[in-house]
>>> print(open('protein05.cif').read())   # mmCIF, C-alpha atoms
data_input
#
loop_
_atom_site.label_atom_id
_atom_site.label_comp_id
_atom_site.auth_asym_id
_atom_site.auth_seq_id
_atom_site.Cartn_x
_atom_site.Cartn_y
_atom_site.Cartn_z
CA MET A 1 107.31 -32.27 -14.06
CA ASN A 2 107.30 -35.72 -12.46
CA THR A 3 103.97 -36.47 -10.83
CA ASP A 4 104.65 -40.11 -10.01
CA LEU A 5 104.96 -40.95 -6.33
CA SER A 6 108.35 -42.18 -5.20
CA PRO A 7 108.88 -45.94 -4.71
CA GLU A 8 109.35 -45.31 -0.99
CA ALA A 9 105.99 -43.52 -0.73
CA LEU A 10 104.22 -46.27 -2.65
CA GLU A 11 105.77 -48.94 -0.44
CA PHE A 12 104.76 -47.02 2.68
CA GLY A 13 101.18 -46.91 1.41
CA ARG A 14 101.22 -50.65 0.70
CA THR A 15 102.66 -51.36 4.15
CA ALA A 16 99.95 -49.28 5.79
CA ARG A 17 97.24 -51.08 3.82
CA ARG A 18 98.59 -54.48 4.83
CA ALA A 19 98.91 -53.40 8.46
CA LEU A 20 95.31 -52.17 8.53
CA GLU A 21 94.16 -55.42 6.94
CA ALA A 22 96.04 -57.47 9.55
CA ALA A 23 94.46 -55.36 12.31
CA GLY A 24 90.96 -56.17 11.11
CA GLY A 25 90.42 -54.55 7.72
CA ASP A 26 86.72 -53.78 7.31
CA GLU A 27 86.13 -54.58 10.98
CA LEU A 28 88.05 -51.41 11.87
CA ALA A 29 85.32 -49.32 10.27
CA HIS A 30 82.57 -51.37 11.90
CA ALA A 31 84.17 -51.24 15.35
CA GLY A 32 85.05 -47.56 15.10
CA THR A 33 81.45 -46.68 14.31
CA ALA A 34 79.81 -49.06 16.77
CA ALA A 35 82.09 -48.23 19.69
CA ARG A 36 82.13 -44.52 18.79
CA ASP A 37 85.86 -44.45 19.53
CA GLY A 38 86.87 -42.36 16.53
CA GLY A 39 88.83 -45.19 14.97
CA GLU A 40 91.40 -45.35 17.75
CA ALA A 41 92.32 -48.93 16.87
CA ALA A 42 93.24 -47.87 13.34
CA ALA A 43 95.02 -44.79 14.69
CA LYS A 44 97.20 -47.01 16.89
CA VAL A 45 98.15 -49.16 13.89
CA LEU A 46 99.14 -46.04 11.97
CA ALA A 47 101.04 -44.67 14.96
CA ASP A 48 103.08 -47.87 15.11
CA LEU A 49 104.03 -47.24 11.46
CA GLY A 50 105.18 -43.72 12.31
CA ALA A 51 102.32 -42.04 10.45
CA TRP A 52 101.95 -39.15 12.86
CA ASP A 53 105.67 -38.39 12.61
CA LEU A 54 105.29 -37.51 8.94
CA ASP A 55 105.71 -33.84 8.08
CA PRO A 56 103.98 -33.31 4.71
CA ARG A 57 105.03 -29.66 4.76
CA GLY A 58 108.67 -30.54 5.29
CA SER A 59 109.59 -32.33 2.07
CA ALA A 60 108.09 -33.70 -1.12
CA GLU A 61 108.95 -37.24 -0.03
CA GLU A 62 106.98 -36.98 3.20
CA LEU A 63 104.08 -35.31 1.38
CA GLU A 64 103.95 -38.22 -1.06
CA ALA A 65 104.07 -40.72 1.81
CA ALA A 66 101.20 -38.86 3.49
CA ALA A 67 99.14 -39.04 0.28
CA ALA A 68 99.80 -42.77 -0.07
CA LEU A 69 98.79 -43.24 3.57
CA CYS A 70 95.51 -41.35 3.04
CA ARG A 71 94.76 -43.55 0.04
CA SER A 72 95.29 -46.69 2.12
CA ALA A 73 93.07 -45.29 4.87
CA GLY A 74 90.38 -44.69 2.26
CA TRP A 75 90.72 -48.26 0.99
CA TRP A 76 89.60 -49.54 4.40
CA ALA A 77 87.23 -46.61 5.11
CA VAL A 78 89.15 -45.92 8.32
CA PRO A 79 86.86 -43.90 10.65
CA HIS A 80 89.68 -41.60 11.78
CA PRO A 81 90.70 -38.14 10.50
CA VAL A 82 93.93 -39.35 8.90
CA ALA A 83 94.16 -36.65 6.19
CA GLU A 84 93.18 -33.92 8.64
CA ARG A 85 95.84 -34.96 11.16
CA LEU A 86 98.52 -35.06 8.47
CA ALA A 87 97.50 -31.59 7.23
CA ARG A 88 97.96 -30.02 10.68
CA PRO A 89 99.59 -26.57 10.62
CA ARG A 90 103.13 -26.00 11.87
CA ASP A 91 102.89 -22.47 13.22
CA VAL A 92 100.04 -22.91 15.70
CA PRO A 93 99.50 -25.65 18.29
CA ALA A 94 97.05 -28.05 16.69
CA GLU A 95 96.78 -31.72 15.82
CA ALA A 96 94.35 -31.56 12.90
CA LEU A 97 93.19 -29.15 10.22
CA VAL A 98 89.89 -29.06 8.36
CA VAL A 99 88.82 -26.82 5.48
CA VAL A 100 85.41 -25.21 6.00
CA ALA A 101 83.03 -23.14 3.91
CA GLY A 102 82.59 -20.35 6.46
CA ASP A 103 81.04 -19.47 9.80
CA GLY A 104 78.76 -22.05 11.31
CA SER A 105 80.20 -24.77 9.14
CA ALA A 106 80.27 -28.48 9.61
CA GLY A 107 83.40 -30.53 9.09
CA ALA A 108 83.82 -33.78 7.19
CA ILE A 109 84.56 -35.50 10.48
CA ALA A 110 82.94 -38.65 11.83
CA GLU A 111 80.73 -38.00 14.84
CA ALA A 112 82.78 -40.42 16.93
CA VAL A 113 85.84 -38.19 16.45
CA THR A 114 84.33 -35.67 18.88
CA ARG A 115 85.40 -38.09 21.63
CA LEU A 116 89.06 -37.72 20.72
CA ALA A 117 91.09 -35.05 22.49
CA LEU A 118 92.38 -33.42 19.30
CA ARG A 119 93.05 -29.71 18.91
CA TRP A 120 91.50 -28.56 15.64
CA ILE A 121 92.17 -25.64 13.34
CA ALA A 122 89.64 -24.71 10.65
CA VAL A 123 90.59 -22.68 7.58
CA ASP A 124 88.28 -21.26 4.94
CA LEU A 125 89.13 -20.81 1.27
CA GLY A 126 90.26 -17.25 1.94
CA GLY A 127 92.94 -18.43 4.39
CA ARG A 128 91.14 -17.23 7.52
CA ARG A 129 91.86 -19.60 10.38
CA SER A 130 89.81 -20.39 13.47
CA ARG A 131 90.14 -22.64 16.43
CA ALA A 132 87.50 -25.30 15.87
CA THR A 133 85.69 -27.28 18.51
CA PRO A 134 83.66 -30.24 17.18
CA GLN A 135 80.22 -30.25 18.76
CA PRO A 136 78.36 -33.40 19.84
CA GLY A 137 75.43 -34.35 17.67
CA ALA A 138 76.11 -35.12 14.02
CA VAL A 139 74.17 -33.52 11.19
CA PRO A 140 73.05 -35.57 8.16
CA VAL A 141 75.09 -35.21 4.97
CA GLY A 142 73.31 -37.05 2.19
CA LYS A 143 71.51 -40.33 2.73
CA HIS A 144 74.13 -42.23 4.72
CA GLY A 145 76.86 -39.80 5.76
CA VAL A 146 77.09 -37.62 8.83
CA ALA A 147 79.36 -34.74 9.75
CA VAL A 148 80.06 -32.69 12.86
CA PRO A 149 79.07 -29.06 13.49
CA LEU A 150 82.03 -26.87 14.42
CA ASP A 151 82.20 -24.04 16.93
CA LEU A 152 84.67 -21.59 15.35
CA ALA A 153 86.71 -18.99 17.25
CA PRO A 154 88.54 -16.65 14.80
CA LEU A 155 92.33 -16.90 15.04
CA ASP A 156 94.18 -15.17 12.18
CA ASP A 157 94.48 -14.76 8.42
CA GLY A 158 97.66 -16.81 8.09
CA GLY A 159 96.17 -19.94 6.59
CA ALA A 160 96.79 -19.27 2.89
CA GLY A 161 99.35 -22.07 2.83
CA ASP A 162 96.96 -24.47 4.59
CA VAL A 163 94.12 -24.43 2.07
CA ALA A 164 95.68 -26.44 -0.76
CA LEU A 165 97.05 -29.17 1.50
CA GLY A 166 93.79 -29.30 3.46
CA LEU A 167 91.88 -29.89 0.22
CA VAL A 168 94.28 -32.29 -1.50
CA LEU A 169 94.89 -34.92 1.20
CA PRO A 170 91.17 -35.71 1.75
CA CYS A 171 90.88 -36.20 -2.03
CA TRP A 172 93.53 -38.92 -1.72
CA THR A 173 91.34 -40.55 0.94
CA LEU A 174 88.39 -40.34 -1.45
CA LEU A 175 90.56 -41.86 -4.18
CA GLY A 176 91.23 -44.84 -1.90
CA LEU A 177 87.49 -45.29 -1.44
CA LEU A 178 87.01 -45.29 -5.23
CA ASP A 179 89.86 -47.81 -5.64
CA ARG A 180 88.19 -50.25 -3.28
CA ALA A 181 84.67 -49.74 -4.65
CA ILE A 182 85.81 -50.70 -8.17
CA ASP A 183 87.95 -53.58 -6.87
CA LEU A 184 85.02 -55.03 -4.91
CA THR A 185 82.66 -54.64 -7.84
CA SER A 186 85.09 -56.24 -10.29
CA ASP A 187 85.32 -59.27 -8.00
CA TYR A 188 81.56 -59.37 -7.51
CA VAL A 189 80.66 -59.41 -11.23
CA ARG A 190 83.17 -62.20 -11.80
CA VAL A 191 81.58 -64.52 -9.25
CA ARG A 192 77.92 -63.49 -9.61
CA HIS A 193 76.11 -65.47 -12.34
CA GLN A 194 73.03 -64.57 -14.35
CA PHE A 195 71.52 -66.73 -17.10
CA GLY A 196 74.25 -69.30 -16.58
CA GLN A 197 77.24 -67.00 -17.04
CA PRO A 198 79.15 -64.48 -14.90
CA LEU A 199 77.96 -60.89 -14.94
CA SER A 200 81.41 -59.84 -16.13
CA SER A 201 80.76 -61.55 -19.47
CA PHE A 202 77.94 -59.14 -20.35
CA GLN A 203 79.04 -56.26 -22.54
CA SER A 204 76.86 -53.70 -20.73
CA VAL A 205 78.55 -54.59 -17.43
CA GLN A 206 82.00 -54.26 -19.04
CA PHE A 207 81.06 -50.83 -20.42
CA GLN A 208 79.83 -49.61 -17.03
CA LEU A 209 82.94 -50.79 -15.20
CA THR A 210 85.11 -49.17 -17.88
CA ASP A 211 83.29 -45.85 -17.38
CA ALA A 212 83.90 -46.09 -13.62
CA GLU A 213 87.57 -46.95 -14.08
CA VAL A 214 88.13 -44.07 -16.51
CA GLU A 215 86.71 -41.67 -13.90
CA ARG A 216 88.92 -43.17 -11.19
CA LEU A 217 92.05 -42.99 -13.34
CA GLY A 218 91.34 -39.34 -14.13
CA VAL A 219 91.14 -38.51 -10.42
CA GLU A 220 94.39 -40.40 -9.79
CA GLU A 221 96.28 -38.37 -12.39
CA LEU A 222 94.87 -35.06 -11.17
CA ALA A 223 95.63 -36.04 -7.57
CA LYS A 224 99.27 -36.61 -8.48
CA HIS A 225 99.43 -33.26 -10.28
CA ALA A 226 97.81 -31.38 -7.39
CA LEU A 227 100.21 -33.02 -4.96
CA TRP A 228 103.17 -31.94 -7.10
CA SER A 229 101.69 -28.43 -7.23
CA VAL A 230 101.52 -28.28 -3.43
CA SER A 231 105.01 -29.72 -2.95
CA THR A 232 106.61 -27.21 -5.32
CA GLY A 233 104.74 -24.25 -3.83
CA ARG A 234 103.13 -23.17 -7.10
CA PRO A 235 100.97 -20.02 -6.95
CA ASP A 236 98.17 -22.02 -8.56
CA ALA A 237 98.23 -24.73 -5.87
CA VAL A 238 94.80 -23.79 -4.48
CA ALA A 239 93.29 -23.69 -7.97
CA ASP A 240 94.81 -27.10 -8.71
CA ALA A 241 93.43 -28.43 -5.42
CA LEU A 242 89.95 -27.11 -6.22
CA ALA A 243 90.14 -28.58 -9.73
CA LEU A 244 91.09 -31.92 -8.18
CA ARG A 245 88.16 -31.71 -5.78
CA VAL A 246 85.74 -30.97 -8.64
CA ALA A 247 87.02 -34.04 -10.50
CA ALA A 248 86.96 -36.22 -7.37
CA VAL A 249 83.39 -35.47 -6.33
CA GLU A 250 82.14 -35.86 -9.91
CA ALA A 251 83.99 -39.17 -10.26
CA ALA A 252 82.63 -40.39 -6.92
CA GLU A 253 79.10 -39.78 -8.16
CA VAL A 254 79.74 -41.94 -11.24
CA VAL A 255 81.73 -44.67 -9.49
CA PHE A 256 79.32 -45.23 -6.62
CA ARG A 257 76.29 -45.06 -8.92
CA ILE A 258 77.76 -47.78 -11.13
CA THR A 259 79.10 -49.96 -8.33
CA HIS A 260 75.80 -49.84 -6.44
CA GLN A 261 73.91 -50.61 -9.63
CA LEU A 262 76.07 -53.64 -10.40
CA HIS A 263 75.83 -54.94 -6.83
CA GLY A 264 72.06 -54.52 -6.82
CA ALA A 265 70.13 -54.24 -3.56
CA ILE A 266 72.83 -56.07 -1.59
CA GLY A 267 75.16 -53.12 -2.16
CA PHE A 268 73.08 -51.04 0.25
CA CYS A 269 73.23 -53.64 3.05
CA ASP A 270 75.75 -53.28 5.87
CA GLU A 271 76.87 -56.86 5.26
CA THR A 272 78.72 -55.62 2.18
CA ALA A 273 81.85 -53.46 2.32
CA LEU A 274 80.53 -51.27 -0.50
CA SER A 275 77.84 -49.92 1.79
CA TRP A 276 80.47 -48.78 4.31
CA LEU A 277 82.60 -47.22 1.57
CA SER A 278 79.64 -45.33 0.15
CA ARG A 279 78.68 -44.05 3.59
CA ALA A 280 82.23 -42.94 4.36
CA SER A 281 82.43 -41.08 1.06
CA GLN A 282 79.41 -38.85 1.68
CA PRO A 283 80.98 -36.22 3.99
CA LEU A 284 84.10 -36.08 1.80
CA ARG A 285 81.96 -35.51 -1.29
CA ARG A 286 79.78 -32.80 0.26
CA LEU A 287 82.08 -30.88 2.62
CA PRO A 288 83.47 -28.29 2.76
CA LEU A 289 81.58 -27.61 -0.49
CA GLY A 290 79.42 -29.74 -2.73
CA PRO A 291 79.98 -30.14 -6.48
CA SER A 292 78.30 -26.93 -7.63
CA ALA A 293 79.78 -24.79 -4.87
CA THR A 294 83.26 -26.23 -5.52
CA ARG A 295 82.98 -25.36 -9.22
CA ALA A 296 81.90 -21.85 -8.27
CA ALA A 297 84.85 -21.50 -5.87
CA LEU A 298 87.23 -22.67 -8.59
CA THR A 299 85.77 -20.13 -11.03
CA ASP A 300 86.15 -17.33 -8.48
CA ASN A 301 89.74 -18.37 -7.75
CA LEU A 302 90.75 -18.43 -11.40
CA GLY A 303 89.09 -15.26 -12.57
CA HIS A 304 90.11 -14.81 -16.21
CA ARG A 305 93.52 -16.45 -16.10
CA GLY A 306 92.54 -20.11 -16.59
CA LEU A 307 94.19 -23.27 -15.35
CA ALA A 308 97.79 -24.22 -16.07
CA GLY A 309 99.72 -27.49 -16.24
CA LEU A 310 97.66 -30.58 -16.92
CA PHE A 311 94.52 -28.43 -17.01
CA SER A 312 95.66 -25.91 -19.63
#
>>> encode(input="protein05.cif", output="structure tokens")
Amino acid sequence: MNTDLSPEALEFGRTARRALEAAGGDELAHAGTAARDGGEAAAKVLADLGAWDLDPRGSAEELEAAAALCRSAGWWAVPHPVAERLARPRDVPAEALVVVAGDGSAGAIAEAVTRLALRWIAVDLGGRRSRATPQPGAVPVGKHGVAVPLDLAPLDDGGAGDVALGLVLPCWTLLGLLDRAIDLTSDYVRVRHQFGQPLSSFQSVQFQLTDAEVERLGVEELAKHALWSVSTGRPDAVADALALRVAAVEAAEVVFRITHQLHGAIGFCDETALSWLSRASQPLRRLPLGPSATRAALTDNLGHRGLAGLFS
């Protein structure tokens, strides 16, 4: 088992991150939300890189490149359904795929995305697919996040192979958000002074940042394993994807609690990038299922057989 991403995939992710930074960086998230354009500026940057030509279902190399791209999109909190577009199914005409909890579900989609002319497919954990039409009018998801209600028209039961990919790629986006949150906070505690010395010199601050980084590293390793599980077509790919999601949402709770605490009140102001990251993370953390429901789904999927691989 080799869970490391290829050098080509890593370089593609770095190139995408640099391209998004050159196109505006954090301003892409601000503009995408203010103009309600669904992040079209960021989508154009990614199109110029050939992002939408990737076929994550076609080869392990392209799947790894897609994961690296999602991570870079998370770094800048890109307000565009990057993971969902990359997870699109091959056998039905659609441009994006979202995993849902069931009928009447909402999707972890920014409200502005309803303005984009994308054809959506929704799949539940049982592999039942529906044509999904995002409805105007976002619903609140947590304190800062919003999501979009979906009108679902049943299609078929052929989505068993869509579930794992549809769960894993958004977790890579969430991983990118965690990367940036810790990076911003590390910089902040180095330059912020209290009692005549930087915050980073206090042992309690060092311990908190270490706790956050341990959580982030754990998600990174599980994300690599789940990606390998999907690429090799393992029977346990959905279980591995659910286990990754459990770890990711639990880690996000720890990381954003610590990073907000170390930033203080300023971390909740829109003038700071952390506020935008935290807001962007909310739908990903709560949809299609929250922490408790995801753990329950993982338990139902496993039955009595238990997890294999890294989880055994």
>>> residues_near_point(input="protein05.cif", point="(88.1, -19.8, 1.0)", cutoff="8 Å", atoms="only C-alpha atoms", output="ChimeraX atom specification")
/A:100-102,123-128,163,297
>>> resolve_selection(input="protein05.cif", expression="the PyMOL selection byres ((chain A and resi 174) around 9)", output="JSON, numbers by chain")
{"A": [70, 71, 74, 75, 169, 170, 171, 172, 173, 175, 176, 177, 178, 179, 248, 249, 252, 280, 281, 284, 285]}
>>> closest_residue(input="protein05.cif", among="A:Tyr188, A:Arg245, A:Arg131, A:Val238", to="A:Ile266", atoms="all atoms listed in the file")
A:Tyr188
>>> resolve_selection(input="protein05.cif", expression="the PyMOL selection byres ((chain A and resi 225-228) around 7)", output="ChimeraX atom specification")
/A:3,168,221-224,229-232,237,240-241,244
>>> write_last_selection(input="protein05.cif", atoms="C-alpha atoms", output="short mmCIF file (atom, residue, chain, number, x, y, z; two decimals), in the coordinates of the input")
data_model
loop_
_atom_site.label_atom_id
_atom_site.label_comp_id
_atom_site.auth_asym_id
_atom_site.auth_seq_id
_atom_site.Cartn_x
_atom_site.Cartn_y
_atom_site.Cartn_z
CA THR A 3 103.97 -36.47 -10.83
CA VAL A 168 94.28 -32.29 -1.50
CA GLU A 221 96.28 -38.37 -12.39
CA LEU A 222 94.87 -35.06 -11.17
CA ALA A 223 95.63 -36.04 -7.57
CA LYS A 224 99.27 -36.61 -8.48
CA SER A 229 101.69 -28.43 -7.23
CA VAL A 230 101.52 -28.28 -3.43
CA SER A 231 105.01 -29.72 -2.95
CA THR A 232 106.61 -27.21 -5.32
CA ALA A 237 98.23 -24.73 -5.87
CA ASP A 240 94.81 -27.10 -8.71
CA ALA A 241 93.43 -28.43 -5.42
CA LEU A 244 91.09 -31.92 -8.18
#
>>> atom_distance(input="protein05.cif", atom1="atom CA of A:Leu49", atom2="atom CA of A:Glu8")
13.7 Å
>>> closest_residue(input="protein05.cif", among="A:Leu20, A:Val219, A:Leu209, A:Arg190", to="A:Val78", atoms="only C-alpha atoms")
A:Leu20
>>> closest_residue(input="protein05.cif", among="A:Glu213, A:Asp236, A:Glu253, A:Asp157", to="A:Leu307", atoms="all atoms listed in the file")
A:Asp236
>>> closest_residue(input="protein05.cif", among="A:Leu302, A:Leu116, A:Ala68, A:Ala308", to="A:Ala16", atoms="only C-alpha atoms")
A:Ala68
>>> atom_distance(input="protein05.cif", atom1="atom CA of A:Ala96", atom2="atom CA of A:Trp120")
5.0 Å
>>> resolve_selection(input="protein05.cif", expression="the PyMOL selection byres ((chain A and resi 55) around 10)", output="list of chain:residue names")
A:Ala51, A:Trp52, A:Asp53, A:Leu54, A:Pro56, A:Arg57, A:Gly58, A:Ser59, A:Ala60, A:Glu61, A:Glu62, A:Leu63, A:Ala65, A:Ala66, A:Leu86, A:Ala87, A:Arg88, A:Pro89, A:Arg90
>>> closest_residue(input="protein05.cif", among="A:Arg257, A:His263, A:Arg180, A:Lys44", to="A:Ser200", atoms="all atoms listed in the file")
A:His263
>>> residues_around(input="protein05.cif", residues="A:Gln261", least_positions_apart="6", cutoff="10 Å", atoms="only C-alpha atoms", output="compact mmCIF listing (two decimals) with C-alpha atoms, in the coordinates of the input")
# COMPACT_ATOMS: atom_id res chain seq x y z
CA THR A 185 82.66 -54.64 -7.84
CA VAL A 205 78.55 -54.59 -17.43
CA GLN A 208 79.83 -49.61 -17.03
CA VAL A 255 81.73 -44.67 -9.49
CA GLY A 267 75.16 -53.12 -2.16
CA PHE A 268 73.08 -51.04 0.25
>>> closest_residue(input="protein05.cif", among="A:Arg129, A:Arg18, A:Arg85, A:Arg286", to="A:Ala160", atoms="only C-alpha atoms")
A:Arg129
>>> atom_distance(input="protein05.cif", atom1="atom CA of A:Ala67", atom2="atom CA of A:Ala273")
22.6 Å
>>> residues_around(input="protein05.cif", residues="A:Asp151", least_positions_apart="2", cutoff="7 Å", atoms="all atoms listed in the file", output="PyMOL selection string")
chain A and resi 104+132-135+149+153
>>> residues_around(input="protein05.cif", residues="A:Ile109", least_positions_apart="5", cutoff="7 Å", atoms="all atoms listed in the file", output="list in words")
Pro81, Ala147 and Val148 of chain A
>>> decode(input="protein05.cif", residues="stretch 21-33 of chain A", atoms="N, CA and C atoms", output="mmCIF file, in the first residue's frame")
data_model
loop_
_atom_site.group_PDB
_atom_site.id
_atom_site.type_symbol
_atom_site.label_atom_id
_atom_site.label_comp_id
_atom_site.auth_asym_id
_atom_site.auth_seq_id
_atom_site.Cartn_x
_atom_site.Cartn_y
_atom_site.Cartn_z
ATOM 1 N N GLU A 21 -4.051 32.204 -5.816
ATOM 2 C CA GLU A 21 -3.495 33.347 -5.100
ATOM 3 C C GLU A 21 -3.269 34.517 -6.048
ATOM 4 N N ALA A 22 -2.719 34.247 -7.230
ATOM 5 C CA ALA A 22 -2.457 35.307 -8.200
ATOM 6 C C ALA A 22 -3.754 35.946 -8.690
ATOM 7 N N ALA A 23 -4.836 35.145 -8.695
ATOM 8 C CA ALA A 23 -6.124 35.665 -9.170
ATOM 9 C C ALA A 23 -6.867 36.451 -8.099
ATOM 10 N N GLY A 24 -6.325 36.491 -6.902
ATOM 11 C CA GLY A 24 -6.984 37.273 -5.848
ATOM 12 C C GLY A 24 -6.932 36.651 -4.480
ATOM 13 N N GLY A 25 -6.675 35.344 -4.400
ATOM 14 C CA GLY A 25 -6.585 34.688 -3.101
ATOM 15 C C GLY A 25 -7.876 34.804 -2.314
ATOM 16 N N ASP A 26 -7.800 35.399 -1.136
ATOM 17 C CA ASP A 26 -8.982 35.532 -0.279
ATOM 18 C C ASP A 26 -10.079 36.366 -0.928
ATOM 19 N N GLU A 27 -9.684 37.263 -1.820
ATOM 20 C CA GLU A 27 -10.690 38.113 -2.475
ATOM 21 C C GLU A 27 -11.637 37.288 -3.346
ATOM 22 N N LEU A 28 -11.195 36.115 -3.783
ATOM 23 C CA LEU A 28 -12.081 35.257 -4.575
ATOM 24 C C LEU A 28 -13.293 34.830 -3.758
ATOM 25 N N ALA A 29 -13.050 34.493 -2.483
ATOM 26 C CA ALA A 29 -14.156 34.108 -1.609
ATOM 27 C C ALA A 29 -15.062 35.302 -1.332
ATOM 28 N N HIS A 30 -14.457 36.455 -1.082
ATOM 29 C CA HIS A 30 -15.255 37.651 -0.798
ATOM 30 C C HIS A 30 -16.114 38.031 -2.006
ATOM 31 N N ALA A 31 -15.480 38.053 -3.191
ATOM 32 C CA ALA A 31 -16.198 38.457 -4.397
ATOM 33 C C ALA A 31 -17.276 37.442 -4.765
ATOM 34 N N GLY A 32 -16.954 36.159 -4.616
ATOM 35 C CA GLY A 32 -17.921 35.122 -4.966
ATOM 36 C C GLY A 32 -19.161 35.182 -4.111
ATOM 37 N N THR A 33 -18.989 35.559 -2.833
ATOM 38 C CA THR A 33 -20.132 35.671 -1.939
ATOM 39 C C THR A 33 -20.896 36.968 -2.174
#
